[in-house]
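Asker: One structure is given below, represented as structure tokens, and several questions about it will come after.
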Amino acid sequence: MTAPALAPRFDALDPNVVEDPYPEYARLRAAGPLCRLGPGSWGVTRFADVTGLQHDPRLGSEFPAGYHEISVGDGPASAFFQRIMLYRDPPDHVRLRRLMSRAFSPAVVRRLRSHIEDLVDELLAPALAAGRMDLVPELAYPLPVRVVCRLMGIPPESTDDVRHHAMNLGRAFTAVVPEHARTEADVAVRWLREHLGALLEQRRSRRGDDLLSRLLDAEESGDTLSADEIVDNTVFSFFAGFETTVHMITTGTAALLAHPDQLARLRADRSLVTTAVDEFLRWDAPIQGTARYVREPIEIGGRTIRTGRVLVLMIGSANHDERRFARPDRLDVGRQDNPHVAFGGGAHLCLGAFLARMEGAVVFDRLARLAVLEPDGPTVREPNTPFRAYASVPVRIGDV
């Protein structure tokens with residue numbers, strides 16, 4: 001039997017890839033379903049393989065402790081990653097997700113719509129008066145952070161501090177974290193645990209309509225949930241509840257600015273905001289890949305991946321696979337057949353997907369109603385993050 005050809009190597013840190021990974025993804029897909037990453041790790045490039053593997057029981061999300069220690073060291077951040085539901089397999093994952101999902105249920109999220117609409121108008125008001133804004137710090141970050149703080153039960157006066165530490169923790173969601181970022185992540189975990197732990201104690205005597213209160217109710221009704229699990233998974237849910245939305249708003253707006261014909265379509269027919277949000281997620285997915293631990297040998301493209309290896313399901317590549325998407329490199333805000341995997345899939349489908357879609361629909365409906373929405377300088381990519389993110393998206397805006 002002929003051995004499979006050597007798979008191509010993918011360097012996610014190549015500056016050209018950081019700026020625009022999609023031509024490289026196309027090269028990788030053409031070569032085969034697998035590419036080589038770091039030692040003992042492989043990338044899965046094609047849509048059919050990615051979607052199939054999201055449901056494959058031979059893959060897990062729970063990595064040995066040593067993997068997290070290699071990535072972020074052996075401090076508080078490593079312990080945090082070992083406790084959150086993102087890196088847990090059944091039955092712990094099922095137990096944690098069932099409890100944490102109470103904050104993100106469609107019923108709970110729908111009640112927030114008018115609040116989200118008011119927040120968008122509030123955040124746009126100063127920019128409309130000035131005629132310009134940088135979308136990243138003035139809208140894309142404060143909106144989802146304030147919304148998720150309300151869901152979590154985090155008081156408004158703590159929002160800025162919680163956001164700062166959550167962003168530092170977010171930079172640790174990558175394979176190998178630089179030393180300075182490890183320190184920041186450890187500091188962030190300590191601060192967030194202390195802060196949310198104190199809020200948790202307050203809720204023991206004074207319940208509210210928020211996630212912390214619901215988790216305490218569940219704990220007292222007999223569900224097995226330790227205080228550490230409550231705090232760490234609330235921290236993770238806070239992060240998960242805003243990070244994808246931030247980058248979806250910025251990448252979507254940047255896409256519209258670069259494709260004025262699609263902005264014109266959205267202005268002419270604002271009912272397209274729903275399909276537009278999913279198209280922005282497909283077009284430039286905030287999370288480009290998700291790692292899985294190989295628990296049993298698995299064959300992909302004629303190659304057997306051994307137990308103990310890591311497979312990275314390359315979401316960004318799968319979302320541009322010409323085998324599944326018609327004209328995948330064309331932005332189409334009205335795209336109908338769009339089963340993108342930007343929110344993952346299977347048991348680990350993003351907990352905040354419904355919330356992110358609602359926030360995106362509100363934002364892009366409001367932006368489409370503006371008489372002026374134009375670039376006010378070059379967009380700037382954020383290089384020091386595991387996400388497809390922008391540091392700056394300057395725009396000129398106006399209602400008349």
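Numbering starts fresh at 1 for the residues of each chain in the structure tokens, the chains themselves are lettered A, B, ... in the order given, and ligands are numbered from 1 as they appear.
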Using DSSP on the backbone coordinates, identify all residues within stretch 18-150 of chain A classified as strand (DSSP E); present the result as a VMD selection string.
Answerer: chain A and resid 34 to 36 41 to 44 59 to 60 132 to 134
Asker: Name all residues at most 9 Å from A:Gly75 (count only C-alpha atoms; drop same-chain ones fewer than 4 positions away) and give them as a VMD selection string.
Answerer: chain A and resid 69 79 to 80 182 to 183 186
Asker: From the options A:Pro339, A:Pro383, A:Thr51, A:Gly360, which residue's atoms come nearest to A:Pro15, counting only C-alpha atoms?
Answerer: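 Checking each of A:Pro339, A:Pro383, A:Thr51, A:Gly360 against A:Pro15, counting only C-alpha atoms, the winner is A:Pro383.
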Asker: May I have all residues of stretch 61-174 of chain A that DSSP, computed from the backbone, assigns to helix (DSSP H, G or I), given as a PyMOL selection string?
Answerer: chain A and resi 65-72+76-83+85-87+92-103+106-110+113-130+135-140+142-152+156-170
Asker: Near stretch 263-280 of chain A, counting only C-alpha atoms, which residues have an atom at most 6 Å away, once you skip same-chain residues fewer than 3 positions from it, shown as a ChimeraX atom specification?
Answerer: /A:252,256,260,283,333-334,361,368
Asker: Produce a file of the selected residues containing C-alpha atoms, as a compact mmCIF listing (two decimals), in the first residue's frame.
Answerer:
```txt
# COMPACT_ATOMS: atom_id res chain seq x y z
CA GLY A 252 -18.78 42.22 9.56
CA LEU A 256 -19.35 45.84 4.42
CA PRO A 260 -20.15 48.65 -0.74
CA TRP A 283 -16.72 34.95 5.71
CA VAL A 333 -25.31 39.03 2.66
CA GLY A 334 -28.32 37.15 1.28
CA ALA A 361 -28.90 41.52 13.91
CA ALA A 368 -27.82 49.76 7.64
```
Asker: Considering only C-alpha atoms, state which residue in the set A:Val147, A:Leu123, A:Val187, A:Ile70 is at the smallest distance from A:Leu135.
Answerer: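 Under the stated criterion, the closest residue is A:Leu123.
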Asker: Do you have, as CSV, the list of residues of stretch 3-122 of chain A lying at most 12 Å from stretch 203-209 of chain A, each with its nearest atom pair and that distance in Å to one decimal, counting only C-alpha atoms and ordered by chain then number?
Answerer:
```
residue,atom,partner,partner_atom,distance
A:Arg102,CA,A:Asp209,CA,11.0
A:Ala103,CA,A:Asp209,CA,9.5
A:Val108,CA,A:Asp209,CA,9.9
A:Arg111,CA,A:Asp209,CA,11.9
```
Asker: Taking only C-alpha atoms into account, name the residue in A:Pro286, A:Gly302, A:Pro375, A:Pro39 that is nearest to A:His247.
Answerer: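 Answer, going by the shortest atom-to-atom distance: A:Pro286.
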Asker: Which is closest to A:Phe63 among A:Phe364, A:Tyr22, A:Phe81, A:Tyr141, if we use only C-alpha atoms?
Answerer: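 Among the listed residues, A:Phe81 lies closest to A:Phe63.
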Asker: In Å, how far is it from atom CA of A:Leu139 to atom CA of A:Pro155?
Answerer: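 So the answer is 19.4 Å.
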Asker: Tell me which protein, DNA and RNA residues are within 7 Å of stretch 346-351 of chain A, counting only C-alpha atoms, leaving out same-chain ones fewer than 4 positions away, and put them as number ranges by chain.
Answerer: A: 54-55, 101, 104
Asker: Could you write out the selected residues, including C-alpha atoms, as a compact mmCIF listing (two decimals), in the first residue's frame?
Answerer:
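Okay, this is what ended up in out.txt:
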```txt
# COMPACT_ATOMS: atom_id res chain seq x y z
CA GLN A 54 -17.29 17.50 15.55
CA HIS A 55 -19.52 14.52 16.41
CA SER A 101 -26.93 27.22 29.51
CA PHE A 104 -28.16 31.82 27.44
```
Asker: Tell me, as a ChimeraX atom specification, which residues lie within 10 Å of A:Asp20, counting only C-alpha atoms; anything in the same chain fewer than 6 positions away does not count.
Answerer: /A:14,284,388
Asker: Pick out the closest residue to A:Asp56 from this set: A:Phe354, A:Tyr390, A:Tyr293, A:Phe343. Count only C-alpha atoms.
Answerer: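 Checking each candidate against A:Asp56, we get A:Tyr293 as the closest.
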Asker: What lies within 7 Å of A:Val231 using only C-alpha atoms, ignoring chain neighbours under 4 positions off, as number ranges by chain?
Answerer: A: 193, 196-197, 227, 235
Asker: Those residues you just picked out, can you put them in a file as a compact mmCIF listing (two decimals), in the first residue's frame with N, CA, C and O atoms?
Answerer:
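Result went into out_5.txt, see below:
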```txt
# COMPACT_ATOMS: atom_id res chain seq x y z
N ARG A 193 -11.57 35.38 39.72
CA ARG A 193 -12.06 34.44 40.73
C ARG A 193 -12.43 35.18 42.02
O ARG A 193 -13.49 34.92 42.62
N LEU A 196 -15.67 37.51 41.23
CA LEU A 196 -16.91 36.76 41.05
C LEU A 196 -17.22 35.90 42.27
O LEU A 196 -18.39 35.66 42.59
N GLY A 197 -16.18 35.47 42.98
CA GLY A 197 -16.41 34.73 44.22
C GLY A 197 -17.11 35.61 45.25
O GLY A 197 -18.02 35.15 45.96
N ALA A 227 -17.99 25.27 44.32
CA ALA A 227 -17.84 26.73 44.25
C ALA A 227 -16.80 27.11 43.19
O ALA A 227 -16.99 28.09 42.46
N VAL A 235 -16.77 32.73 34.82
CA VAL A 235 -15.73 33.52 34.13
C VAL A 235 -15.69 33.13 32.65
O VAL A 235 -15.67 33.99 31.76
```
Asker: Within 10 Å of A:His195, counting only C-alpha atoms, which residues qualify if same-chain residues fewer than 2 places away don't, as a list in words?
Answerer: Ile154, Ser158, Asp161, Val162, Val189, Arg190, Trp191, Leu192, Arg193, Gly197, Ala198, Leu199, Leu200 and Val231 of chain A
Asker: Let me see the file: selected residues, C-alpha atoms, as an mmCIF file, in the first residue's frame.
Answerer:
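So the final result, stored in selection.cif, reads:
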```cif
data_model
loop_
_atom_site.group_PDB
_atom_site.id
_atom_site.type_symbol
_atom_site.label_atom_id
_atom_site.label_comp_id
_atom_site.auth_asym_id
_atom_site.auth_seq_id
_atom_site.Cartn_x
_atom_site.Cartn_y
_atom_site.Cartn_z
ATOM 1 C CA ILE A 154 -22.093 41.660 37.299
ATOM 2 C CA SER A 158 -17.359 46.521 37.611
ATOM 3 C CA ASP A 161 -12.354 45.971 35.214
ATOM 4 C CA VAL A 162 -14.003 42.664 34.336
ATOM 5 C CA VAL A 189 -7.762 34.437 36.687
ATOM 6 C CA ARG A 190 -6.890 35.426 40.260
ATOM 7 C CA TRP A 191 -8.743 38.753 39.978
ATOM 8 C CA LEU A 192 -11.809 37.312 38.255
ATOM 9 C CA ARG A 193 -12.061 34.441 40.732
ATOM 10 C CA GLY A 197 -16.411 34.734 44.225
ATOM 11 C CA ALA A 198 -17.369 37.818 46.244
ATOM 12 C CA LEU A 199 -20.445 38.380 44.048
ATOM 13 C CA LEU A 200 -21.379 34.741 44.537
ATOM 14 C CA VAL A 231 -16.728 30.721 39.574
#
```
Asker: Between atom CA of A:Pro23 and atom CA of A:Arg327, what distance in Å does the model show, to one decimal?
Answerer: 13.7 Å
Asker: Do you have the atom CA of A:Asp261-atom CA of A:Asp365 distance handy?
Answerer: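 It comes out at 16.2 Å.
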Asker: Counting only C-alpha atoms, which of A:Arg97, A:His259, A:Arg366, A:His115 gets nearest to A:Ile230?
Answerer: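 Between A:Arg97, A:His259, A:Arg366, A:His115, the residue approaching A:Ile230 most closely is A:Arg97.
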